[in-house]
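Read through the structure below, which is laid out as structure tokens, and then see the notes.
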Amino acid sequence: MGNLFGRKKRTRVTEQDRAILQLKQQRDKLRQYQKRINLQLEKERLLAKQLLKNGKKEKALVLLKKKRYQDQLLDKTESQISNLERMVQDLEFAQIELKVIEGLKNGNECLKKMNEMMSIEEVERIMDETQEAVEYQRQIDEILAGSLSQEDEDAVLAELEALTEGDVELPEVPSEELPEAPEKKPERERPRKKPERELLAA
């Protein structure tokens, strides 16, 4: 049944990974040793102090000598821890450098394949063909420019202008006839008022 389910992909552990792991384990053991010795030294210091109070100077002196020796061991232990940590850092940095080198190698191979697809000779050939095409077009332009008279040039420019004007969209002309305007009726003549003089004379 277990085979029916997908197995987890195992990561590849290199020799460098194993070496780094072992160095870190040794470093951790030394730190545990340091911690244990420091606790023991603190107890012995308090015991030596108590012995001096009780007048047992010789025993206190023996404990202090032992403490001094263990202090020297702690110094050596600290130095060993520093060396281990430096070695771990060097190995980890070497792994990073190795990955960078592998990336550069892959990049160079891809670049080489791309260069093989387009060789220098091929690029030069394309550039030459392009230059020839440009030169050919220039010669045609010169021939056309020299064969046309000023009258032909004016005609070409007029045709170009006509084509340009033809592109302008004009409004559509209505197809229906416009309605006729109604005739106006003639106005009646208003009766002219008689002057006041004629009224007085009547």
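Note on naming: chains are A, B, ... as they come in the structure tokens, residues start from 1 per chain, ligands start from 1 in the order shown.
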
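Every protein or nucleic acid residue with an atom no more than 12 Å from segment 91-101 of chain A, counting only C-alpha atoms and leaving out same-chain residues fewer than 6 positions away, appears here: Thr14, Glu15, Gln16, Asp17, Arg18, Ala19, Ile20, Leu21, Gln22, Leu23, Lys24, Leu84, Glu85, Gly107 and Asn108 of chain A.
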
Output file for the residues above (all heavy atoms, as a tab-separated table (two decimals), in the first residue's frame):
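Result file out.tsv:
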```
chain	number	residue	atom	x	y	z
A	14	THR	N	25.79	15.68	0.11
A	14	THR	CA	27.16	15.61	-0.40
A	14	THR	C	28.13	15.37	0.76
A	14	THR	O	27.77	15.45	1.93
A	14	THR	CB	27.53	16.91	-1.12
A	14	THR	OG1	27.48	18.00	-0.17
A	14	THR	CG2	26.55	17.20	-2.25
A	15	GLU	N	29.37	15.09	0.39
A	15	GLU	CA	30.42	14.92	1.41
A	15	GLU	C	30.65	16.21	2.18
A	15	GLU	O	30.93	16.19	3.39
A	15	GLU	CB	31.72	14.47	0.74
A	15	GLU	CG	31.65	13.08	0.13
A	15	GLU	CD	32.97	12.66	-0.49
A	15	GLU	OE1	33.93	13.42	-0.36
A	15	GLU	OE2	33.02	11.57	-1.09
A	16	GLN	N	30.52	17.34	1.48
A	16	GLN	CA	30.67	18.62	2.15
A	16	GLN	C	29.58	18.83	3.21
A	16	GLN	O	29.86	19.35	4.30
A	16	GLN	CB	30.63	19.77	1.13
A	16	GLN	CG	31.83	19.83	0.20
A	16	GLN	CD	31.68	18.90	-0.99
A	16	GLN	OE1	30.66	18.22	-1.13
A	16	GLN	NE2	32.68	18.87	-1.85
A	17	ASP	N	28.36	18.39	2.89
A	17	ASP	CA	27.27	18.51	3.86
A	17	ASP	C	27.55	17.66	5.11
A	17	ASP	O	27.31	18.11	6.24
A	17	ASP	CB	25.94	18.06	3.23
A	17	ASP	CG	25.49	19.00	2.12
A	17	ASP	OD1	25.81	20.20	2.19
A	17	ASP	OD2	24.81	18.53	1.18
A	18	ARG	N	28.05	16.46	4.89
A	18	ARG	CA	28.37	15.59	6.03
A	18	ARG	C	29.49	16.21	6.88
A	18	ARG	O	29.44	16.17	8.12
A	18	ARG	CB	28.80	14.21	5.53
A	18	ARG	CG	27.68	13.41	4.89
A	18	ARG	CD	28.10	11.95	4.71
A	18	ARG	NE	27.11	11.20	3.92
A	18	ARG	CZ	27.16	11.03	2.62
A	18	ARG	NH1	28.19	11.53	1.92
A	18	ARG	NH2	26.23	10.34	1.98
A	19	ALA	N	30.49	16.76	6.22
A	19	ALA	CA	31.61	17.37	6.95
A	19	ALA	C	31.14	18.56	7.78
A	19	ALA	O	31.52	18.72	8.95
A	19	ALA	CB	32.70	17.81	5.97
A	20	ILE	N	30.26	19.37	7.20
A	20	ILE	CA	29.73	20.54	7.93
A	20	ILE	C	28.92	20.08	9.13
A	20	ILE	O	29.02	20.65	10.23
A	20	ILE	CB	28.89	21.41	6.98
A	20	ILE	CG1	29.79	22.10	5.95
A	20	ILE	CG2	28.09	22.44	7.76
A	20	ILE	CD1	29.03	22.83	4.86
A	21	LEU	N	28.12	19.02	8.95
A	21	LEU	CA	27.31	18.51	10.04
A	21	LEU	C	28.19	18.00	11.19
A	21	LEU	O	27.92	18.29	12.36
A	21	LEU	CB	26.40	17.40	9.53
A	21	LEU	CG	25.49	16.74	10.58
A	21	LEU	CD1	24.55	17.76	11.18
A	21	LEU	CD2	24.71	15.57	9.97
A	22	GLN	N	29.24	17.27	10.85
A	22	GLN	CA	30.14	16.74	11.89
A	22	GLN	C	30.85	17.88	12.64
A	22	GLN	O	30.98	17.83	13.88
A	22	GLN	CB	31.19	15.83	11.25
A	22	GLN	CG	30.61	14.50	10.76
A	22	GLN	CD	31.63	13.65	10.04
A	22	GLN	OE1	32.78	14.06	9.86
A	22	GLN	NE2	31.23	12.46	9.60
A	23	LEU	N	31.27	18.90	11.92
A	23	LEU	CA	31.93	20.04	12.57
A	23	LEU	C	30.98	20.76	13.52
A	23	LEU	O	31.37	21.15	14.63
A	23	LEU	CB	32.45	21.01	11.51
A	23	LEU	CG	33.65	20.53	10.68
A	23	LEU	CD1	33.93	21.48	9.53
A	23	LEU	CD2	34.89	20.39	11.56
A	24	LYS	N	29.72	20.92	13.11
A	24	LYS	CA	28.75	21.58	13.98
A	24	LYS	C	28.46	20.74	15.22
A	24	LYS	O	28.27	21.29	16.31
A	24	LYS	CB	27.46	21.85	13.20
A	24	LYS	CG	27.61	22.98	12.18
A	24	LYS	CD	26.30	23.25	11.46
A	24	LYS	CE	26.42	24.42	10.52
A	24	LYS	NZ	25.16	24.72	9.79
A	84	LEU	N	36.54	25.57	14.78
A	84	LEU	CA	35.45	24.80	14.17
A	84	LEU	C	34.46	25.70	13.42
A	84	LEU	O	34.03	25.39	12.30
A	84	LEU	CB	34.72	23.99	15.23
A	84	LEU	CG	35.48	22.79	15.82
A	84	LEU	CD1	34.72	22.21	17.01
A	84	LEU	CD2	35.69	21.72	14.77
A	85	GLU	N	34.11	26.82	14.04
A	85	GLU	CA	33.17	27.74	13.40
A	85	GLU	C	33.77	28.34	12.13
A	85	GLU	O	33.08	28.51	11.12
A	85	GLU	CB	32.78	28.86	14.37
A	85	GLU	CG	31.86	28.36	15.49
A	85	GLU	CD	31.45	29.47	16.43
A	85	GLU	OE1	32.16	30.51	16.46
A	85	GLU	OE2	30.44	29.31	17.14
A	107	GLY	N	25.97	28.78	-18.08
A	107	GLY	CA	25.76	29.98	-18.89
A	107	GLY	C	26.68	30.03	-20.10
A	107	GLY	O	26.26	30.39	-21.20
A	108	ASN	N	27.94	29.65	-19.89
A	108	ASN	CA	28.91	29.64	-21.00
A	108	ASN	C	28.52	28.63	-22.07
A	108	ASN	O	28.66	28.88	-23.26
A	108	ASN	CB	30.31	29.34	-20.47
A	108	ASN	CG	30.92	30.52	-19.74
A	108	ASN	OD1	30.56	31.66	-20.00
A	108	ASN	ND2	31.80	30.25	-18.80
```

Any idea what's packed within 12 Å of Ile81 of chain A, counting only C-alpha atoms, ignoring anything in its chain fewer than 2 positions away? Could you give it as a PDB file with N, CA and C atoms, in the first residue's frame?
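Written output follows (out-v6.pdb):
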```pdb
ATOM      1  N   LEU A  23      31.274  18.900  11.916  1.00  0.00           N
ATOM      2  CA  LEU A  23      31.935  20.039  12.566  1.00  0.00           C
ATOM      3  C   LEU A  23      30.975  20.758  13.520  1.00  0.00           C
ATOM      4  N   LYS A  24      29.725  20.919  13.112  1.00  0.00           N
ATOM      5  CA  LYS A  24      28.752  21.584  13.977  1.00  0.00           C
ATOM      6  C   LYS A  24      28.456  20.738  15.217  1.00  0.00           C
ATOM      7  N   GLN A  25      28.411  19.415  15.054  1.00  0.00           N
ATOM      8  CA  GLN A  25      28.181  18.541  16.205  1.00  0.00           C
ATOM      9  C   GLN A  25      29.337  18.638  17.206  1.00  0.00           C
ATOM     10  N   GLN A  26      30.573  18.649  16.703  1.00  0.00           N
ATOM     11  CA  GLN A  26      31.734  18.787  17.590  1.00  0.00           C
ATOM     12  C   GLN A  26      31.716  20.135  18.307  1.00  0.00           C
ATOM     13  N   ARG A  27      31.335  21.190  17.562  1.00  0.00           N
ATOM     14  CA  ARG A  27      31.252  22.511  18.185  1.00  0.00           C
ATOM     15  C   ARG A  27      30.225  22.533  19.313  1.00  0.00           C
ATOM     16  N   ASP A  28      29.071  21.909  19.082  1.00  0.00           N
ATOM     17  CA  ASP A  28      28.019  21.889  20.100  1.00  0.00           C
ATOM     18  C   ASP A  28      28.453  21.097  21.336  1.00  0.00           C
ATOM     19  N   LYS A  29      29.188  19.999  21.128  1.00  0.00           N
ATOM     20  CA  LYS A  29      29.690  19.219  22.262  1.00  0.00           C
ATOM     21  C   LYS A  29      30.670  20.034  23.101  1.00  0.00           C
ATOM     22  N   LEU A  30      31.535  20.793  22.431  1.00  0.00           N
ATOM     23  CA  LEU A  30      32.496  21.628  23.169  1.00  0.00           C
ATOM     24  C   LEU A  30      31.774  22.717  23.960  1.00  0.00           C
ATOM     25  N   ARG A  31      30.711  23.251  23.408  1.00  0.00           N
ATOM     26  CA  ARG A  31      29.966  24.279  24.134  1.00  0.00           C
ATOM     27  C   ARG A  31      29.276  23.683  25.358  1.00  0.00           C
ATOM     28  N   GLN A  32      28.760  22.459  25.234  1.00  0.00           N
ATOM     29  CA  GLN A  32      28.174  21.793  26.389  1.00  0.00           C
ATOM     30  C   GLN A  32      29.237  21.539  27.464  1.00  0.00           C
ATOM     31  N   TYR A  33      30.427  21.154  27.024  1.00  0.00           N
ATOM     32  CA  TYR A  33      31.546  20.936  27.954  1.00  0.00           C
ATOM     33  C   TYR A  33      31.889  22.242  28.666  1.00  0.00           C
ATOM     34  N   GLN A  34      31.933  23.343  27.915  1.00  0.00           N
ATOM     35  CA  GLN A  34      32.204  24.654  28.511  1.00  0.00           C
ATOM     36  C   GLN A  34      31.190  24.993  29.598  1.00  0.00           C
ATOM     37  N   LEU A  74      39.377  25.770  29.550  1.00  0.00           N
ATOM     38  CA  LEU A  74      38.282  26.523  28.941  1.00  0.00           C
ATOM     39  C   LEU A  74      38.797  27.446  27.828  1.00  0.00           C
ATOM     40  N   ASP A  75      39.964  28.042  28.056  1.00  0.00           N
ATOM     41  CA  ASP A  75      40.562  28.901  27.017  1.00  0.00           C
ATOM     42  C   ASP A  75      40.864  28.086  25.752  1.00  0.00           C
ATOM     43  N   LYS A  76      41.431  26.881  25.964  1.00  0.00           N
ATOM     44  CA  LYS A  76      41.719  26.019  24.821  1.00  0.00           C
ATOM     45  C   LYS A  76      40.427  25.598  24.113  1.00  0.00           C
ATOM     46  N   THR A  77      39.410  25.317  24.913  1.00  0.00           N
ATOM     47  CA  THR A  77      38.121  24.928  24.341  1.00  0.00           C
ATOM     48  C   THR A  77      37.533  26.053  23.491  1.00  0.00           C
ATOM     49  N   GLU A  78      37.637  27.277  23.987  1.00  0.00           N
ATOM     50  CA  GLU A  78      37.133  28.429  23.238  1.00  0.00           C
ATOM     51  C   GLU A  78      37.869  28.595  21.917  1.00  0.00           C
ATOM     52  N   SER A  79      39.162  28.367  21.945  1.00  0.00           N
ATOM     53  CA  SER A  79      39.957  28.444  20.718  1.00  0.00           C
ATOM     54  C   SER A  79      39.540  27.362  19.716  1.00  0.00           C
ATOM     55  N   ASN A  83      37.927  27.735  15.906  1.00  0.00           N
ATOM     56  CA  ASN A  83      38.463  27.054  14.717  1.00  0.00           C
ATOM     57  C   ASN A  83      37.378  26.260  13.986  1.00  0.00           C
ATOM     58  N   LEU A  84      36.536  25.568  14.776  1.00  0.00           N
ATOM     59  CA  LEU A  84      35.450  24.799  14.165  1.00  0.00           C
ATOM     60  C   LEU A  84      34.460  25.704  13.424  1.00  0.00           C
ATOM     61  N   GLU A  85      34.111  26.822  14.036  1.00  0.00           N
ATOM     62  CA  GLU A  85      33.174  27.740  13.402  1.00  0.00           C
ATOM     63  C   GLU A  85      33.773  28.336  12.130  1.00  0.00           C
ATOM     64  N   ARG A  86      35.061  28.636  12.159  1.00  0.00           N
ATOM     65  CA  ARG A  86      35.723  29.161  10.962  1.00  0.00           C
ATOM     66  C   ARG A  86      35.734  28.118   9.844  1.00  0.00           C
ATOM     67  N   MET A  87      35.970  26.864  10.226  1.00  0.00           N
ATOM     68  CA  MET A  87      35.981  25.787   9.236  1.00  0.00           C
ATOM     69  C   MET A  87      34.587  25.597   8.613  1.00  0.00           C
ATOM     70  N   VAL A  88      33.542  25.684   9.445  1.00  0.00           N
ATOM     71  CA  VAL A  88      32.171  25.568   8.939  1.00  0.00           C
ATOM     72  C   VAL A  88      31.869  26.693   7.947  1.00  0.00           C
TER      73      VAL A  88
END
```

- Atom-to-atom span, atom CA of Glu42 of chain A and atom CA of Leu64 of chain A, Å: 11.0 Å

- Task: Could you check how far atom CA of Leu63 of chain A sits from atom CA of Ala48 of chain A, in Å to one decimal?
- Result: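 Atom CA of Ala48 of chain A lies 6.2 Å from atom CA of Leu63 of chain A.
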